[in-house]
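This is query.tsv. It holds TSV, N, CA and C atoms.
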chain	number	residue	atom	x	y	z
V	1	MET	N	-42.37	36.04	-14.20
V	1	MET	CA	-42.26	35.34	-12.95
V	1	MET	C	-41.84	33.88	-13.17
V	2	LYS	N	-42.33	33.28	-14.27
V	2	LYS	CA	-41.97	31.91	-14.57
V	2	LYS	C	-40.48	31.79	-14.88
V	3	THR	N	-39.93	32.76	-15.59
V	3	THR	CA	-38.51	32.70	-15.93
V	3	THR	C	-37.65	32.86	-14.69
V	4	THR	N	-38.07	33.67	-13.74
V	4	THR	CA	-37.32	33.83	-12.49
V	4	THR	C	-37.32	32.53	-11.72
V	5	PHE	N	-38.47	31.88	-11.65
V	5	PHE	CA	-38.56	30.58	-10.96
V	5	PHE	C	-37.67	29.55	-11.64
V	6	LYS	N	-37.67	29.53	-12.97
V	6	LYS	CA	-36.84	28.59	-13.71
V	6	LYS	C	-35.36	28.85	-13.46
V	7	LYS	N	-34.97	30.14	-13.37
V	7	LYS	CA	-33.57	30.48	-13.10
V	7	LYS	C	-33.15	29.95	-11.73
V	8	TYR	N	-33.99	30.21	-10.72
V	8	TYR	CA	-33.67	29.74	-9.37
V	8	TYR	C	-33.66	28.22	-9.28
V	9	ALA	N	-34.56	27.59	-9.98
V	9	ALA	CA	-34.61	26.14	-9.98
V	9	ALA	C	-33.34	25.58	-10.64
V	10	LEU	N	-32.95	26.18	-11.74
V	10	LEU	CA	-31.74	25.73	-12.44
V	10	LEU	C	-30.49	25.97	-11.59
V	11	LEU	N	-30.39	27.13	-10.97
V	11	LEU	CA	-29.25	27.43	-10.11
V	11	LEU	C	-29.20	26.48	-8.91
V	12	SER	N	-30.36	26.17	-8.33
V	12	SER	CA	-30.41	25.25	-7.20
V	12	SER	C	-29.96	23.86	-7.62
V	13	LEU	N	-30.42	23.42	-8.77
V	13	LEU	CA	-30.04	22.11	-9.28
V	13	LEU	C	-28.53	22.04	-9.53
V	14	LEU	N	-27.97	23.06	-10.13
V	14	LEU	CA	-26.53	23.10	-10.38
V	14	LEU	C	-25.73	23.11	-9.07
V	15	ALA	N	-26.22	23.84	-8.09
V	15	ALA	CA	-25.54	23.90	-6.79
V	15	ALA	C	-25.54	22.52	-6.12
V	16	VAL	N	-26.68	21.84	-6.16
V	16	VAL	CA	-26.78	20.51	-5.56
V	16	VAL	C	-25.86	19.53	-6.28
V	17	MET	N	-25.81	19.59	-7.60
V	17	MET	CA	-24.94	18.71	-8.37
V	17	MET	C	-23.47	19.00	-8.07
V	18	GLY	N	-23.14	20.27	-7.95
V	18	GLY	CA	-21.76	20.66	-7.64
V	18	GLY	C	-21.33	20.14	-6.28
V	19	LEU	N	-22.20	20.25	-5.29
V	19	LEU	CA	-21.89	19.74	-3.96
V	19	LEU	C	-21.76	18.22	-3.99
V	20	GLY	N	-22.62	17.57	-4.72
V	20	GLY	CA	-22.57	16.12	-4.82
V	20	GLY	C	-21.27	15.65	-5.43
V	21	LEU	N	-20.81	16.32	-6.45
V	21	LEU	CA	-19.56	15.94	-7.10
V	21	LEU	C	-18.36	16.21	-6.19
V	22	SER	N	-18.40	17.31	-5.46
V	22	SER	CA	-17.25	17.63	-4.62
V	22	SER	C	-17.13	16.68	-3.43
V	23	PHE	N	-18.24	16.16	-2.91
V	23	PHE	CA	-18.18	15.22	-1.80
V	23	PHE	C	-18.10	13.78	-2.29
V	24	GLY	N	-18.58	13.50	-3.47
V	24	GLY	CA	-18.63	12.14	-3.98
V	24	GLY	C	-17.32	11.64	-4.54
V	25	CYS	N	-16.47	12.50	-5.01
V	25	CYS	CA	-15.20	12.08	-5.58
V	25	CYS	C	-14.12	12.19	-4.51
V	26	ARG	N	-13.57	11.05	-4.14
V	26	ARG	CA	-12.56	11.03	-3.10
V	26	ARG	C	-11.26	10.53	-3.69
V	27	LYS	N	-10.20	11.26	-3.43
V	27	LYS	CA	-8.87	10.85	-3.91
V	27	LYS	C	-8.34	9.78	-2.98
V	28	LYS	N	-7.83	8.71	-3.55
V	28	LYS	CA	-7.33	7.65	-2.68
V	28	LYS	C	-5.98	8.04	-2.08
V	29	LYS	N	-5.77	7.58	-0.85
V	29	LYS	CA	-4.53	7.85	-0.13
V	29	LYS	C	-3.49	6.79	-0.48
V	30	ASP	N	-2.25	7.05	-0.12
V	30	ASP	CA	-1.16	6.13	-0.43
V	30	ASP	C	-1.30	4.82	0.35
V	31	THR	N	-0.97	3.73	-0.32
V	31	THR	CA	-0.91	2.40	0.29
V	31	THR	C	0.56	1.98	0.26
V	32	ILE	N	1.21	2.03	1.42
V	32	ILE	CA	2.66	1.85	1.53
V	32	ILE	C	2.98	0.69	2.47
V	33	ALA	N	4.03	-0.05	2.15
V	33	ALA	CA	4.57	-1.07	3.05
V	33	ALA	C	6.01	-0.67	3.39
V	34	LYS	N	6.31	-0.58	4.69
V	34	LYS	CA	7.67	-0.26	5.16
V	34	LYS	C	8.22	-1.46	5.91
V	35	ILE	N	9.39	-1.89	5.49
V	35	ILE	CA	10.05	-3.01	6.15
V	35	ILE	C	11.34	-2.49	6.80
V	36	TYR	N	11.44	-2.65	8.11
V	36	TYR	CA	12.64	-2.27	8.85
V	36	TYR	C	13.49	-3.54	8.99
V	37	VAL	N	14.76	-3.46	8.64
V	37	VAL	CA	15.65	-4.60	8.75
V	37	VAL	C	16.67	-4.32	9.84
V	38	GLN	N	16.73	-5.25	10.83
V	38	GLN	CA	17.67	-5.11	11.94
V	38	GLN	C	18.50	-6.38	12.05
V	39	ASP	N	19.73	-6.22	12.58
V	39	ASP	CA	20.57	-7.39	12.81
V	39	ASP	C	20.34	-7.90	14.23
V	40	ILE	N	21.12	-8.90	14.63
V	40	ILE	CA	20.89	-9.51	15.95
V	40	ILE	C	21.21	-8.59	17.12
V	41	SER	N	21.95	-7.50	16.85
V	41	SER	CA	22.22	-6.53	17.92
V	41	SER	C	21.27	-5.33	17.82
V	42	ASN	N	20.16	-5.51	17.12
V	42	ASN	CA	19.11	-4.49	16.96
V	42	ASN	C	19.56	-3.23	16.23
V	43	GLN	N	20.62	-3.33	15.43
V	43	GLN	CA	21.08	-2.21	14.61
V	43	GLN	C	20.37	-2.29	13.26
V	44	TYR	N	19.96	-1.14	12.75
V	44	TYR	CA	19.33	-1.12	11.43
V	44	TYR	C	20.38	-1.40	10.36
V	45	VAL	N	19.99	-2.16	9.35
V	45	VAL	CA	20.92	-2.62	8.32
V	45	VAL	C	20.66	-1.88	7.01
V	46	ALA	N	21.62	-1.06	6.60
V	46	ALA	CA	21.51	-0.35	5.32
V	46	ALA	C	22.01	-1.26	4.20
V	47	GLY	N	21.38	-1.15	3.03
V	47	GLY	CA	21.81	-1.91	1.86
V	47	GLY	C	21.39	-3.37	1.84
V	48	ALA	N	20.46	-3.76	2.71
V	48	ALA	CA	19.95	-5.14	2.69
V	48	ALA	C	18.91	-5.27	1.57
V	49	THR	N	18.88	-6.41	0.92
V	49	THR	CA	17.88	-6.67	-0.11
V	49	THR	C	16.62	-7.20	0.56
V	50	VAL	N	15.48	-6.62	0.20
V	50	VAL	CA	14.19	-7.02	0.77
V	50	VAL	C	13.27	-7.42	-0.38
V	51	ILE	N	12.65	-8.59	-0.23
V	51	ILE	CA	11.72	-9.10	-1.24
V	51	ILE	C	10.36	-9.28	-0.58
V	52	LEU	N	9.32	-8.74	-1.20
V	52	LEU	CA	7.94	-8.98	-0.78
V	52	LEU	C	7.26	-9.77	-1.88
V	53	TYR	N	6.59	-10.85	-1.50
V	53	TYR	CA	5.95	-11.68	-2.51
V	53	TYR	C	4.73	-12.40	-1.93
V	54	GLY	N	3.80	-12.68	-2.81
V	54	GLY	CA	2.61	-13.44	-2.43
V	54	GLY	C	2.81	-14.90	-2.73
V	55	LYS	N	2.07	-15.74	-2.03
V	55	LYS	CA	2.11	-17.19	-2.28
V	55	LYS	C	0.72	-17.61	-2.73
V	56	SER	N	0.68	-18.58	-3.60
V	56	SER	CA	-0.59	-19.15	-4.03
V	56	SER	C	-1.21	-19.92	-2.87
V	57	THR	N	-2.50	-19.76	-2.65
V	57	THR	CA	-3.18	-20.46	-1.56
V	57	THR	C	-4.11	-21.54	-2.09
V	58	THR	N	-4.04	-21.82	-3.39
V	58	THR	CA	-4.90	-22.86	-3.97
V	58	THR	C	-4.16	-24.19	-3.99
V	59	ASN	N	-4.91	-25.27	-4.15
V	59	ASN	CA	-4.30	-26.61	-4.21
V	59	ASN	C	-3.37	-26.75	-5.41
V	60	GLN	N	-3.74	-26.14	-6.51
V	60	GLN	CA	-2.87	-26.16	-7.68
V	60	GLN	C	-2.16	-24.82	-7.75
V	61	PRO	N	-0.86	-24.78	-7.42
V	61	PRO	CA	-0.13	-23.51	-7.37
V	61	PRO	C	-0.29	-22.69	-8.66
V	62	ALA	N	-0.55	-21.42	-8.47
V	62	ALA	CA	-0.70	-20.50	-9.60
V	62	ALA	C	0.47	-19.51	-9.59
V	63	ASN	N	0.61	-18.77	-10.66
V	63	ASN	CA	1.65	-17.75	-10.72
V	63	ASN	C	1.39	-16.68	-9.67
V	64	VAL	N	2.45	-16.21	-9.04
V	64	VAL	CA	2.34	-15.16	-8.04
V	64	VAL	C	2.26	-13.82	-8.75
V	65	VAL	N	1.28	-13.02	-8.39
V	65	VAL	CA	1.07	-11.73	-9.04
V	65	VAL	C	1.99	-10.66	-8.45
V	66	LEU	N	2.14	-10.65	-7.14
V	66	LEU	CA	2.96	-9.63	-6.48
V	66	LEU	C	4.33	-10.18	-6.13
V	67	TYR	N	5.36	-9.52	-6.63
V	67	TYR	CA	6.75	-9.88	-6.32
V	67	TYR	C	7.57	-8.61	-6.51
V	68	ASP	N	8.01	-8.01	-5.40
V	68	ASP	CA	8.76	-6.75	-5.46
V	68	ASP	C	10.06	-6.88	-4.68
V	69	THR	N	11.09	-6.23	-5.19
V	69	THR	CA	12.40	-6.24	-4.54
V	69	THR	C	12.94	-4.81	-4.47
V	70	THR	N	13.55	-4.48	-3.34
V	70	THR	CA	14.26	-3.21	-3.20
V	70	THR	C	15.32	-3.38	-2.11
V	71	GLU	N	16.13	-2.35	-1.93
V	71	GLU	CA	17.14	-2.36	-0.87
V	71	GLU	C	16.77	-1.37	0.22
V	72	THR	N	17.24	-1.64	1.42
V	72	THR	CA	17.00	-0.71	2.52
V	72	THR	C	17.83	0.55	2.32
V	73	ASN	N	17.30	1.67	2.78
V	73	ASN	CA	18.02	2.94	2.68
V	73	ASN	C	19.04	3.04	3.82
V	74	SER	N	19.65	4.20	3.98
V	74	SER	CA	20.68	4.38	5.01
V	74	SER	C	20.13	4.23	6.42
V	75	SER	N	18.81	4.30	6.57
V	75	SER	CA	18.17	4.12	7.88
V	75	SER	C	17.71	2.68	8.10
V	76	GLY	N	17.97	1.78	7.15
V	76	GLY	CA	17.58	0.39	7.29
V	76	GLY	C	16.12	0.12	6.97
V	77	VAL	N	15.52	0.97	6.13
V	77	VAL	CA	14.09	0.84	5.80
V	77	VAL	C	13.92	0.61	4.30
V	78	ALA	N	13.13	-0.38	3.95
V	78	ALA	CA	12.75	-0.63	2.55
V	78	ALA	C	11.29	-0.18	2.40
V	79	ILE	N	11.02	0.63	1.37
V	79	ILE	CA	9.68	1.18	1.18
V	79	ILE	C	9.11	0.68	-0.14
V	80	PHE	N	7.89	0.14	-0.06
V	80	PHE	CA	7.18	-0.37	-1.22
V	80	PHE	C	5.87	0.40	-1.37
V	81	ASN	N	5.55	0.81	-2.59
V	81	ASN	CA	4.33	1.57	-2.86
V	81	ASN	C	3.35	0.66	-3.60
V	82	TYR	N	2.15	0.48	-3.04
V	82	TYR	CA	1.14	-0.38	-3.65
V	82	TYR	C	-0.09	0.40	-4.11
V	83	ASN	N	0.11	1.66	-4.49
V	83	ASN	CA	-1.01	2.46	-5.00
V	83	ASN	C	-1.61	1.85	-6.27
V	84	ASP	N	-0.78	1.23	-7.10
V	84	ASP	CA	-1.28	0.63	-8.34
V	84	ASP	C	-2.06	-0.65	-8.08
V	85	VAL	N	-1.79	-1.31	-6.98
V	85	VAL	CA	-2.46	-2.58	-6.66
V	85	VAL	C	-3.82	-2.32	-6.04
V	86	TYR	N	-3.89	-1.36	-5.12
V	86	TYR	CA	-5.14	-1.07	-4.41
V	86	TYR	C	-6.06	-0.19	-5.24
V	87	GLN	N	-7.33	-0.56	-5.31
V	87	GLN	CA	-8.36	0.22	-5.97
V	87	GLN	C	-9.41	0.62	-4.93
V	88	LEU	N	-9.94	1.84	-5.04
V	88	LEU	CA	-10.96	2.30	-4.09
V	88	LEU	C	-12.10	1.30	-4.01
V	89	GLY	N	-12.55	1.03	-2.80
V	89	GLY	CA	-13.65	0.10	-2.58
V	89	GLY	C	-13.19	-1.32	-2.35
V	90	GLN	N	-11.95	-1.60	-2.62
V	90	GLN	CA	-11.40	-2.95	-2.44
V	90	GLN	C	-11.24	-3.23	-0.95
V	91	ALA	N	-11.56	-4.43	-0.52
V	91	ALA	CA	-11.42	-4.80	0.89
V	91	ALA	C	-10.06	-5.46	1.10
V	92	GLY	N	-9.12	-4.73	1.67
V	92	GLY	CA	-7.78	-5.26	1.90
V	92	GLY	C	-6.92	-5.18	0.65
V	93	VAL	N	-5.64	-5.40	0.82
V	93	VAL	CA	-4.71	-5.34	-0.31
V	93	VAL	C	-4.02	-6.69	-0.47
V	94	ALA	N	-3.19	-7.08	0.49
V	94	ALA	CA	-2.45	-8.34	0.36
V	94	ALA	C	-1.81	-8.73	1.69
V	95	VAL	N	-1.57	-10.01	1.84
V	95	VAL	CA	-0.71	-10.54	2.90
V	95	VAL	C	0.49	-11.12	2.17
V	96	LEU	N	1.66	-10.57	2.46
V	96	LEU	CA	2.85	-10.92	1.70
V	96	LEU	C	3.94	-11.49	2.60
V	97	ASP	N	4.70	-12.42	2.05
V	97	ASP	CA	5.88	-12.94	2.74
V	97	ASP	C	7.04	-11.96	2.52
V	98	ILE	N	7.93	-11.91	3.49
V	98	ILE	CA	9.09	-11.03	3.43
V	98	ILE	C	10.35	-11.88	3.52
V	99	LYS	N	11.30	-11.61	2.65
V	99	LYS	CA	12.65	-12.16	2.76
V	99	LYS	C	13.61	-10.98	2.76
V	100	ALA	N	14.59	-11.01	3.66
V	100	ALA	CA	15.61	-9.96	3.70
V	100	ALA	C	16.96	-10.63	3.89
V	101	TYR	N	17.97	-10.09	3.19
V	101	TYR	CA	19.30	-10.67	3.34
V	101	TYR	C	20.38	-9.65	3.00
V	102	LYS	N	21.56	-9.90	3.61
V	102	LYS	CA	22.76	-9.11	3.31
V	102	LYS	C	23.97	-9.86	3.87
V	103	ASP	N	24.99	-10.00	3.05
V	103	ASP	CA	26.26	-10.60	3.47
V	103	ASP	C	26.08	-11.95	4.19
V	104	GLY	N	25.25	-12.81	3.67
V	104	GLY	CA	25.07	-14.14	4.25
V	104	GLY	C	24.07	-14.21	5.38
V	105	ALA	N	23.69	-13.08	5.94
V	105	ALA	CA	22.66	-13.07	6.99
V	105	ALA	C	21.30	-12.91	6.31
V	106	ASN	N	20.31	-13.63	6.84
V	106	ASN	CA	18.97	-13.50	6.25
V	106	ASN	C	17.90	-13.65	7.30
V	107	GLY	N	16.71	-13.22	6.95
V	107	GLY	CA	15.56	-13.31	7.83
V	107	GLY	C	14.29	-13.28	7.02
V	108	GLN	N	13.18	-13.61	7.66
V	108	GLN	CA	11.91	-13.60	6.97
V	108	GLN	C	10.78	-13.19	7.90
V	109	GLY	N	9.64	-12.88	7.29
V	109	GLY	CA	8.48	-12.47	8.05
V	109	GLY	C	7.27	-12.38	7.15
V	110	ILE	N	6.21	-11.81	7.68
V	110	ILE	CA	4.95	-11.64	6.95
V	110	ILE	C	4.44	-10.24	7.24
V	111	ILE	N	3.84	-9.61	6.23
V	111	ILE	CA	3.22	-8.30	6.42
V	111	ILE	C	1.84	-8.30	5.79
V	112	LYS	N	0.90	-7.70	6.51
V	112	LYS	CA	-0.44	-7.49	5.97
V	112	LYS	C	-0.48	-6.05	5.47
V	113	VAL	N	-0.57	-5.88	4.16
V	113	VAL	CA	-0.63	-4.55	3.56
V	113	VAL	C	-2.08	-4.11	3.54
V	114	GLU	N	-2.38	-3.03	4.27
V	114	GLU	CA	-3.75	-2.54	4.37
V	114	GLU	C	-3.94	-1.32	3.49
V	115	GLU	N	-5.17	-1.11	3.08
V	115	GLU	CA	-5.50	-0.05	2.14
V	115	GLU	C	-5.35	1.34	2.75
V	116	GLU	N	-4.73	2.23	1.99
V	116	GLU	CA	-4.62	3.66	2.27
V	116	GLU	C	-3.93	4.01	3.59
V	117	VAL	N	-3.04	3.14	4.05
V	117	VAL	CA	-2.23	3.42	5.24
V	117	VAL	C	-0.80	2.96	4.97
V	118	THR	N	0.10	3.27	5.90
V	118	THR	CA	1.45	2.74	5.84
V	118	THR	C	1.53	1.56	6.79
V	119	SER	N	1.66	0.36	6.22
V	119	SER	CA	1.80	-0.86	7.01
V	119	SER	C	3.29	-1.08	7.28
V	120	GLU	N	3.64	-1.45	8.51
V	120	GLU	CA	5.05	-1.57	8.89
V	120	GLU	C	5.32	-2.92	9.51
V	121	GLU	N	6.53	-3.43	9.26
V	121	GLU	CA	6.96	-4.70	9.84
V	121	GLU	C	8.48	-4.66	10.01
V	122	THR	N	8.98	-5.37	11.00
V	122	THR	CA	10.43	-5.46	11.24
V	122	THR	C	10.89	-6.89	10.99
V	123	VAL	N	12.00	-7.04	10.27
V	123	VAL	CA	12.60	-8.34	10.01
V	123	VAL	C	14.00	-8.32	10.60
V	124	TYR	N	14.33	-9.38	11.33
V	124	TYR	CA	15.65	-9.52	11.93
V	124	TYR	C	16.46	-10.51	11.11
V	125	ILE	N	17.66	-10.09	10.70
V	125	ILE	CA	18.52	-10.99	9.92
V	125	ILE	C	19.66	-11.46	10.81
V	126	GLN	N	20.04	-12.73	10.62
V	126	GLN	CA	21.14	-13.31	11.40
V	126	GLN	C	21.88	-14.33	10.60
Same coordinates, now as structure tokens:
Amino acid sequence: MKTTFKKYALLSLLAVMGLGLSFGCRKKKDTIAKIYVQDISNQYVAGATVILYGKSTTNQPANVVLYDTTETNSSGVAIFNYNDVYQLGQAGVAVLDIKAYKDGANGQGIIKVEEEVTSEETVYIQ
């Protein structure tokens, strides 16, 4: 009878541990920034260069850690992936400046990149 009780106790313990592990480990979702680039006639601009970068907020300027560049696709969208920057449990990701330009036209803006969602912003170049 003691061995039967020990078996059930051991099985119960293993079941509880298994449930704890399956609910306790959460896979992080993608942290994406999408920048839409439009011209003054509200047309999306393909092939525009988009730069996302952070600025130092201290009195003594420090090196900027985040600085990414890409081009807009045929739909006028530049996509940046910040999965490597965001860690689970972190509060927020970054507030970044945006520069976009093509053929002498340029524009700027700001985007707040939030954790585990797709943050979107539109920049108008002129």
Residues near Ala105 in chain V, cut-off 6 Å, only N, CA and C atoms, skip fewer than 3 positions along chain, as a CSV table (one decimal) with N, CA and C atoms, in the frame of the given file:
chain,number,residue,atom,x,y,z
V,100,ALA,N,14.6,-11.0,3.7
V,100,ALA,CA,15.6,-10.0,3.7
V,100,ALA,C,17.0,-10.6,3.9
V,101,TYR,N,18.0,-10.1,3.2
V,101,TYR,CA,19.3,-10.7,3.3
V,101,TYR,C,20.4,-9.6,3.0
V,102,LYS,N,21.6,-9.9,3.6
V,102,LYS,CA,22.8,-9.1,3.3
V,102,LYS,C,24.0,-9.9,3.9
V,125,ILE,N,17.7,-10.1,10.7
V,125,ILE,CA,18.5,-11.0,9.9
V,125,ILE,C,19.7,-11.5,10.8
V,126,GLN,N,20.0,-12.7,10.6
V,126,GLN,CA,21.1,-13.3,11.4
V,126,GLN,C,21.9,-14.3,10.6
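Atom N of Thr31 in chain V is found 12.0 Å from atom C of Leu88 in chain V.
Remark: for Gln108 in chain V, the closest of the candidate residues V:Thr49, V:Val37, V:Tyr124, V:Val93 is V:Tyr124 (distances computed over all atoms listed in the file).
With distances restricted to only N, CA and C atoms, V:Gly47 is the closest residue to Glu71 in chain V from V:Val113, V:Lys99, V:Gly47, V:Gly107.
Counting from CA of Asp97 in chain V, the distance to CA of Asp84 in chain V is 18.9 Å.
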